[in-house]
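Asker: Just coords03.csv, nothing more (CSV, C-alpha atoms):
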chain,number,residue,atom,x,y,z
A,1,MET,CA,-14.9,-5.7,-1.2
A,2,GLY,CA,-12.2,-3.8,0.7
A,3,PHE,CA,-12.0,-0.5,2.6
A,4,GLY,CA,-10.9,1.5,-0.5
A,5,THR,CA,-13.6,0.2,-2.8
A,6,ARG,CA,-16.4,0.8,-0.2
A,7,MET,CA,-15.0,4.3,0.4
A,8,ARG,CA,-15.1,5.1,-3.4
A,9,GLN,CA,-18.6,3.7,-3.8
A,10,ARG,CA,-19.9,5.7,-0.9
A,11,ARG,CA,-18.3,8.8,-2.1
A,12,GLU,CA,-19.9,8.3,-5.6
A,13,GLU,CA,-23.3,7.6,-4.0
A,14,LEU,CA,-23.1,11.0,-2.4
A,15,GLY,CA,-22.2,12.6,-5.7
A,16,MET,CA,-18.9,13.8,-4.2
A,17,SER,CA,-15.7,14.3,-6.2
A,18,ARG,CA,-12.3,13.3,-4.9
A,19,GLY,CA,-11.4,17.0,-4.7
A,20,GLU,CA,-14.5,17.8,-2.6
A,21,LEU,CA,-13.8,14.9,-0.2
A,22,ALA,CA,-10.1,15.9,0.1
A,23,GLU,CA,-11.2,19.5,1.1
A,24,LEU,CA,-13.5,18.1,3.8
A,25,LEU,CA,-10.7,15.9,5.2
A,26,GLY,CA,-7.9,18.5,4.9
A,27,VAL,CA,-5.8,16.2,2.6
A,28,SER,CA,-4.7,16.3,-1.0
A,29,ARG,CA,-6.7,14.9,-3.9
A,30,SER,CA,-3.9,12.3,-4.5
A,31,ALA,CA,-4.2,11.1,-0.9
A,32,ILE,CA,-7.9,10.3,-1.5
A,33,GLY,CA,-6.8,8.4,-4.6
A,34,ASN,CA,-4.2,6.5,-2.6
A,35,TYR,CA,-6.8,5.6,0.1
A,36,GLU,CA,-9.3,4.3,-2.5
A,37,THR,CA,-6.8,2.2,-4.4
A,38,GLY,CA,-5.2,0.7,-1.3
A,39,ILE,CA,-1.8,2.4,-1.7
A,40,SER,CA,-2.0,3.9,1.7
A,41,ALA,CA,-4.4,4.2,4.6
A,42,PRO,CA,-5.8,7.3,6.4
A,43,LYS,CA,-4.5,8.2,9.8
A,44,GLU,CA,-6.9,7.9,12.8
A,45,GLU,CA,-7.8,11.6,13.0
A,46,ILE,CA,-8.5,11.6,9.2
A,47,LEU,CA,-10.6,8.4,9.6
A,48,LEU,CA,-12.9,10.1,12.1
A,49,ARG,CA,-13.5,13.0,9.7
A,50,LEU,CA,-13.9,10.5,6.8
A,51,PHE,CA,-16.8,8.7,8.7
A,52,ASP,CA,-18.6,12.0,9.2
A,53,ALA,CA,-18.0,13.2,5.6
A,54,LEU,CA,-19.3,9.9,4.1
A,55,GLN,CA,-22.1,9.7,6.7
A,56,VAL,CA,-21.3,6.1,7.7
A,57,ASP,CA,-20.1,4.2,10.7
A,58,PRO,CA,-16.8,2.3,10.8
A,59,ASN,CA,-18.5,-1.0,10.3
A,60,TYR,CA,-19.6,0.0,6.8
A,61,LEU,CA,-16.1,0.7,5.5
A,62,TYR,CA,-14.4,-2.1,7.4
A,63,ARG,CA,-17.1,-4.8,7.2
A,64,ASP,CA,-15.1,-7.2,5.1
A,65,SER,CA,-11.9,-6.5,6.9
A,66,PHE,CA,-13.5,-7.4,10.3
A,67,ARG,CA,-14.8,-10.6,8.8
A,68,ALA,CA,-11.4,-11.5,7.4
A,69,LEU,CA,-9.8,-10.9,10.8
A,70,SER,CA,-12.3,-13.0,12.6
A,71,GLU,CA,-11.8,-15.9,10.1
A,72,ALA,CA,-8.0,-15.7,10.1
A,73,SER,CA,-6.5,-18.8,11.6
A,74,CYS,CA,-3.7,-19.0,14.2
A,75,SER,CA,-0.3,-20.2,13.2
A,76,ALA,CA,0.7,-23.8,14.0
A,77,GLU,CA,2.9,-22.5,16.8
A,78,GLU,CA,0.0,-20.5,18.3
A,79,ARG,CA,-2.4,-23.4,18.0
A,80,LEU,CA,0.1,-25.7,19.8
A,81,LEU,CA,0.5,-23.2,22.7
A,82,LEU,CA,-3.3,-22.9,23.0
A,83,GLU,CA,-3.8,-26.6,23.1
A,84,LYS,CA,-1.2,-27.0,25.8
A,85,TYR,CA,-2.8,-24.1,27.8
A,86,ARG,CA,-6.2,-25.8,27.7
A,87,THR,CA,-4.7,-29.0,29.2
A,88,LEU,CA,-3.5,-27.1,32.3
A,89,ASN,CA,-5.5,-27.1,35.6
A,90,LEU,CA,-6.6,-23.8,37.2
A,91,THR,CA,-3.4,-23.2,39.0
A,92,GLY,CA,-1.4,-23.8,35.8
A,93,ARG,CA,-3.5,-21.4,33.8
A,94,GLN,CA,-3.2,-18.7,36.5
A,95,THR,CA,0.6,-19.2,36.5
A,96,VAL,CA,0.7,-18.7,32.7
A,97,GLN,CA,-1.4,-15.6,32.9
A,98,THR,CA,0.8,-14.1,35.7
A,99,LEU,CA,3.9,-14.8,33.6
A,100,VAL,CA,2.4,-13.3,30.4
A,101,ASP,CA,1.3,-10.2,32.4
A,102,SER,CA,4.9,-9.8,33.8
A,103,LEU,CA,6.5,-10.2,30.3
A,104,SER,CA,4.1,-7.6,28.8
A,105,LEU,CA,4.9,-5.1,31.6
A,106,TRP,CA,8.6,-5.8,31.1
A,107,GLN,CA,8.3,-5.2,27.4
A,108,VAL,CA,6.5,-1.9,27.9
A,109,GLU,CA,9.2,-0.7,30.3
A,110,LEU,CA,11.9,-1.7,27.9
A,111,GLU,CA,10.2,0.3,25.1
A,112,ASN,CA,9.9,3.3,27.3
A,113,ASP,CA,13.6,3.2,28.2
A,114,ARG,CA,14.7,2.9,24.6
A,115,PRO,CA,16.0,6.2,23.1
A,116,PRO,CA,13.7,7.5,20.3
A,117,LEU,CA,14.8,6.6,16.8
A,118,GLU,CA,15.5,9.2,14.2
A,119,PRO,CA,12.6,9.3,11.7
A,120,ARG,CA,13.4,7.5,8.5
A,121,VAL,CA,13.4,9.5,5.3
A,122,ILE,CA,13.0,8.3,1.7
A,123,PRO,CA,13.3,10.3,-1.5
A,124,LEU,CA,10.0,11.5,-3.2
A,125,TYR,CA,10.7,11.9,-6.9
A,126,ARG,CA,8.7,14.5,-8.7
A,127,SER,CA,8.2,12.2,-11.7
A,128,PRO,CA,9.1,8.8,-12.9
A,129,ALA,CA,11.7,10.4,-15.1
A,130,ALA,CA,13.4,11.9,-12.0
A,131,ALA,CA,13.6,8.5,-10.4
A,132,GLY,CA,15.7,7.3,-13.3
A,133,TYR,CA,18.5,9.9,-13.0
A,134,ALA,CA,21.9,8.5,-12.1
A,135,ALA,CA,22.6,11.5,-9.8
A,136,PRO,CA,19.3,13.4,-8.9
A,137,VAL,CA,19.7,17.0,-7.9
A,138,PHE,CA,18.4,17.6,-4.4
A,139,GLY,CA,15.6,20.1,-4.3
A,140,GLU,CA,15.0,19.9,-8.0
A,141,ASP,CA,14.4,16.2,-8.9
A,142,PHE,CA,13.3,14.9,-5.5
A,143,GLU,CA,12.5,16.0,-2.0
A,144,PRO,CA,12.9,14.2,1.4
A,145,LEU,CA,9.8,12.4,2.6
A,146,THR,CA,9.6,11.4,6.3
A,147,VAL,CA,8.2,7.9,6.7
A,148,THR,CA,5.0,7.9,8.7
A,149,ALA,CA,2.2,5.4,9.3
A,150,ASP,CA,0.8,6.3,5.8
A,151,VAL,CA,3.9,4.9,4.1
A,152,PRO,CA,3.9,1.1,3.5
A,153,VAL,CA,6.5,-0.8,5.5
A,154,GLY,CA,9.6,-1.5,3.4
A,155,ALA,CA,9.1,1.5,1.0
A,156,GLU,CA,12.5,2.6,-0.3
A,157,LEU,CA,11.4,5.6,-2.5
A,158,ALA,CA,8.3,7.3,-3.7
A,159,VAL,CA,7.3,8.6,-7.1
A,160,ARG,CA,4.7,11.1,-8.2
A,161,ILE,CA,2.9,9.7,-11.2
A,162,GLN,CA,2.1,11.7,-14.3
A,163,GLY,CA,-0.6,10.9,-16.8
A,164,ASP,CA,-3.8,8.7,-16.8
A,165,SER,CA,-2.5,5.5,-18.3
A,166,MET,CA,-2.7,3.7,-14.9
A,167,GLU,CA,-6.1,4.9,-13.8
A,168,PRO,CA,-8.3,4.2,-11.9
A,169,GLN,CA,-5.8,2.3,-9.7
A,170,ILE,CA,-3.2,5.0,-9.9
A,171,THR,CA,-4.4,8.5,-10.7
A,172,ASP,CA,-2.7,11.4,-12.3
A,173,GLY,CA,-0.6,13.2,-9.7
A,174,SER,CA,-0.9,10.5,-7.0
A,175,VAL,CA,2.2,9.2,-5.1
A,176,VAL,CA,3.2,5.6,-5.3
A,177,TYR,CA,5.7,3.8,-2.9
A,178,VAL,CA,8.4,1.6,-4.4
A,179,ASN,CA,10.7,-1.1,-3.1
A,180,HIS,CA,13.3,-3.3,-4.8
A,181,ASP,CA,11.6,-6.7,-4.3
A,182,PRO,CA,11.9,-9.1,-7.2
A,183,LEU,CA,9.3,-8.4,-9.8
A,184,ARG,CA,6.7,-11.0,-10.7
A,185,SER,CA,4.0,-11.2,-13.4
A,186,GLY,CA,1.1,-8.9,-12.4
A,187,ASP,CA,3.3,-6.5,-10.4
A,188,ILE,CA,3.4,-2.8,-11.2
A,189,GLY,CA,6.8,-1.3,-11.5
A,190,ILE,CA,8.8,1.8,-12.5
A,191,PHE,CA,10.6,1.0,-15.7
A,192,CYS,CA,13.1,2.6,-18.1
A,193,VAL,CA,12.1,1.8,-21.7
A,194,ASP,CA,14.6,2.9,-24.3
A,195,GLY,CA,15.5,5.8,-22.1
A,196,ASP,CA,12.0,6.8,-21.1
A,197,MET,CA,10.7,6.3,-17.6
A,198,VAL,CA,7.2,4.8,-17.2
A,199,CYS,CA,4.9,3.2,-14.6
A,200,LYS,CA,3.4,0.0,-16.0
A,201,GLN,CA,2.1,-3.5,-15.1
A,202,TYR,CA,4.6,-6.2,-15.8
A,203,TYR,CA,3.8,-9.6,-17.4
A,204,LYS,CA,6.1,-12.2,-18.9
A,205,ASP,CA,4.6,-15.1,-20.8
A,206,PRO,CA,6.0,-18.7,-21.1
A,207,MET,CA,7.7,-17.8,-24.4
A,208,GLY,CA,9.7,-15.1,-22.7
A,209,ILE,CA,7.9,-12.1,-24.3
A,210,VAL,CA,7.6,-9.2,-21.8
A,211,TYR,CA,4.5,-7.0,-21.7
A,212,LEU,CA,4.2,-3.6,-20.0
A,213,PHE,CA,0.5,-2.9,-19.7
A,214,SER,CA,-1.5,0.3,-19.0
A,215,LEU,CA,-4.2,-0.5,-16.5
A,216,ASN,CA,-6.4,2.2,-18.2
A,217,ARG,CA,-7.3,0.2,-21.4
A,218,LYS,CA,-8.4,3.4,-23.1
A,219,ARG,CA,-4.6,4.1,-23.1
A,220,SER,CA,-3.6,0.7,-24.6
A,221,ASP,CA,-1.6,2.7,-27.1
A,222,ALA,CA,0.9,3.2,-24.3
A,223,ASP,CA,1.5,-0.6,-23.8
A,224,VAL,CA,5.0,-1.9,-24.5
A,225,VAL,CA,5.9,-5.3,-25.8
A,226,PHE,CA,9.4,-6.8,-25.8
A,227,THR,CA,10.1,-9.7,-28.1
A,228,ARG,CA,13.4,-11.6,-28.2
A,229,GLY,CA,15.9,-10.0,-30.4
A,230,SER,CA,14.0,-6.7,-30.6
A,231,GLY,CA,17.1,-4.8,-29.5
A,232,ARG,CA,15.1,-2.6,-27.2
A,233,SER,CA,16.3,-1.8,-23.6
A,234,LEU,CA,14.3,-2.4,-20.5
A,235,THR,CA,15.4,-1.7,-16.9
A,236,CYS,CA,13.2,-2.0,-13.8
A,237,PHE,CA,13.9,0.6,-11.1
A,238,GLY,CA,11.5,-0.9,-8.5
A,239,ARG,CA,8.2,-2.5,-7.6
A,240,VAL,CA,5.2,-0.4,-6.8
A,241,MET,CA,3.7,-1.5,-3.4
A,242,MET,CA,0.0,-2.1,-3.8
A,243,HIS,CA,-2.4,-4.3,-1.8
A,244,ALA,CA,-3.7,-5.8,-5.0
A,245,GLN,CA,-2.2,-6.1,-8.4
A,246,PRO,CA,-5.1,-6.3,-10.9
A,247,LEU,CA,-4.5,-7.7,-14.3
A,248,PRO,CA,-5.8,-5.5,-17.2
A,249,GLU,CA,-8.8,-6.9,-19.1
Taking this structure as input, can you express it in the form of structure tokens?

Answerer:
Amino acid sequence: MGFGTRMRQRREELGMSRGELAELLGVSRSAIGNYETGISAPKEEILLRLFDALQVDPNYLYRDSFRALSEASCSAEERLLLEKYRTLNLTGRQTVQTLVDSLSLWQVELENDRPPLEPRVIPLYRSPAAAGYAAPVFGEDFEPLTVTADVPVGAELAVRIQGDSMEPQITDGSVVYVNHDPLRSGDIGIFCVDGDMVCKQYYKDPMGIVYLFSLNRKRSDADVVFTRGSGRSLTCFGRVMMHAQPLPE
């Protein structure tokens, strides 16, 4: 059970809606949805308010994450370096520590001397339909979004989702971040289907039949199936970046 799931469960235990929690934290309702579904993570100052609002300590929300970090193994290269370090005598270990300290200090000085980078900006489309325009109109179809720590690394654009067909993972009005990585079965993407833009989960079976699923199975009427020779058009505009890609039941 991850951070987002524990956050949602604790909020529901307190009988608190997403809108009420959003007001306490000073963020939008869609931001709460993104935190709970793992699309983005709250900033440090928001985290402190979150712990107070949910009446929990950090260990409650991050318990499984801490366990996963402690169980994570070193890479083969790191294990080899550690093994070599352990074979050194006291003088050798002190030499290594002095060298590492010097390199760390040099790296900090190098970073301080480096001129600040211009903030990266990606387009935030007002709807999936806007993301499909060949030449979007600035200020009407999209707005610039400055990339901050809340935005997943590698995001190339963002889209505001409309409708409930992807709930609970993606709520109506929430923002998803998209890149152009190759799409695999189970991934969620932004698609153009016969001229209509949709956000769906992609699956291709061994027979070559393509399915676009709604995660909200109450909206299975919005599923799309492409069989060979159907004559229908399908274009993928990008892969939605999520920590987990759940398959619908």

Asker: Calculate how many Å separate CA of Ser30 in chain A from CA of Asp223 in chain A, rounding to one decimal.

Answerer: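 The value is 23.8 Å.
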
Asker: I'd like the contact shell of Gln97 in chain A - 12 Å cut-off, all atoms listed in the file, skipping same-chain residues fewer than 6 positions apart - returned as a ChimeraX atom specification.

Answerer: /A:85,88,90-91,103-104

Asker: How many Å lie between CA of Thr235 in chain A and CA of Ser220 in chain A, rounded to one decimal?

Answerer: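 According to the coordinates, CA of Thr235 in chain A and CA of Ser220 in chain A are separated by 20.6 Å.
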
Asker: Any idea what the distance is between CA of Gly154 in chain A and CA of Tyr177 in chain A?

Answerer: 9.1 Å

Asker: Extract, using only C-alpha atoms, all DNA, RNA and protein residues at most 9 Å from Arg184 in chain A, discarding same-chain residues fewer than 4 positions from it, and format them as a VMD selection string.

Answerer: chain A and resid 188 202 to 204

Asker: For a quick check of understanding, using all atoms listed in the file, which of A:Arg239, A:Val210, A:Ser127, A:Glu13 has the smallest distance to Phe226 in chain A?

Answerer: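 Distance minimum relative to Phe226 in chain A lands on A:Val210.
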
Asker: Go through A:Ser165, A:Phe3, A:Ala155, A:Thr37 and flag the residue nearest Asp221 in chain A, using all atoms listed in the file for the distances.

Answerer: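 Smallest separation from Asp221 in chain A among the options: A:Ser165.
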
Asker: Using all atoms listed in the file, pick whichever of A:Tyr125, A:Cys199, A:Leu25, A:Ser174 has the shortest atom-to-atom distance to Glu44 in chain A.

Answerer: A:Leu25

Asker: Using only C-alpha atoms, which residue out of A:Val175, A:Gly238, A:Thr227, A:Lys84 lies closest to Lys200 in chain A?

Answerer: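 Counting only C-alpha atoms, the residue closest to Lys200 in chain A is A:Gly238.
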
Asker: Rank A:Asn179, A:Leu212, A:Ala222, A:Pro123 by their smallest atom-to-atom distance to Asp164 in chain A, using all atoms listed in the file, and report the top residue only.

Answerer: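 For Asp164 in chain A, the nearest of the candidates is A:Ala222.
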
Asker: Around (2.1, 1.0, -4.4) in the file's own coordinates, what residues are found within 7 Å if you use all atoms listed in the file, given back as an NGL selection string?

Answerer: :A and (39 or 176-178 or 240-242)

Asker: For the residues selected in the previous step, produce a file with C-alpha atoms as a compact mmCIF listing (two decimals), in the coordinates of the input.

Answerer:
# COMPACT_ATOMS: atom_id res chain seq x y z
CA ILE A 39 -1.80 2.40 -1.70
CA VAL A 176 3.20 5.60 -5.30
CA TYR A 177 5.70 3.80 -2.90
CA VAL A 178 8.40 1.60 -4.40
CA VAL A 240 5.20 -0.40 -6.80
CA MET A 241 3.70 -1.50 -3.40
CA MET A 242 0.00 -2.10 -3.80

Asker: Please determine, counting only C-alpha atoms, which residue among A:Val108, A:Ala41, A:Val100, A:Leu234 has the shortest atom-to-atom distance to Pro152 in chain A.

Answerer: A:Ala41

Asker: I'd like the contact shell of range 47-60 of chain A - 7 Å cut-off, all atoms listed in the file, skipping same-chain residues fewer than 3 positions apart - returned as a list in words.

Answerer: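 Within the cut-off, the hits are Arg10, Arg11, Leu24, Leu25, Pro42, Lys43, Glu44 and Arg63 of chain A.
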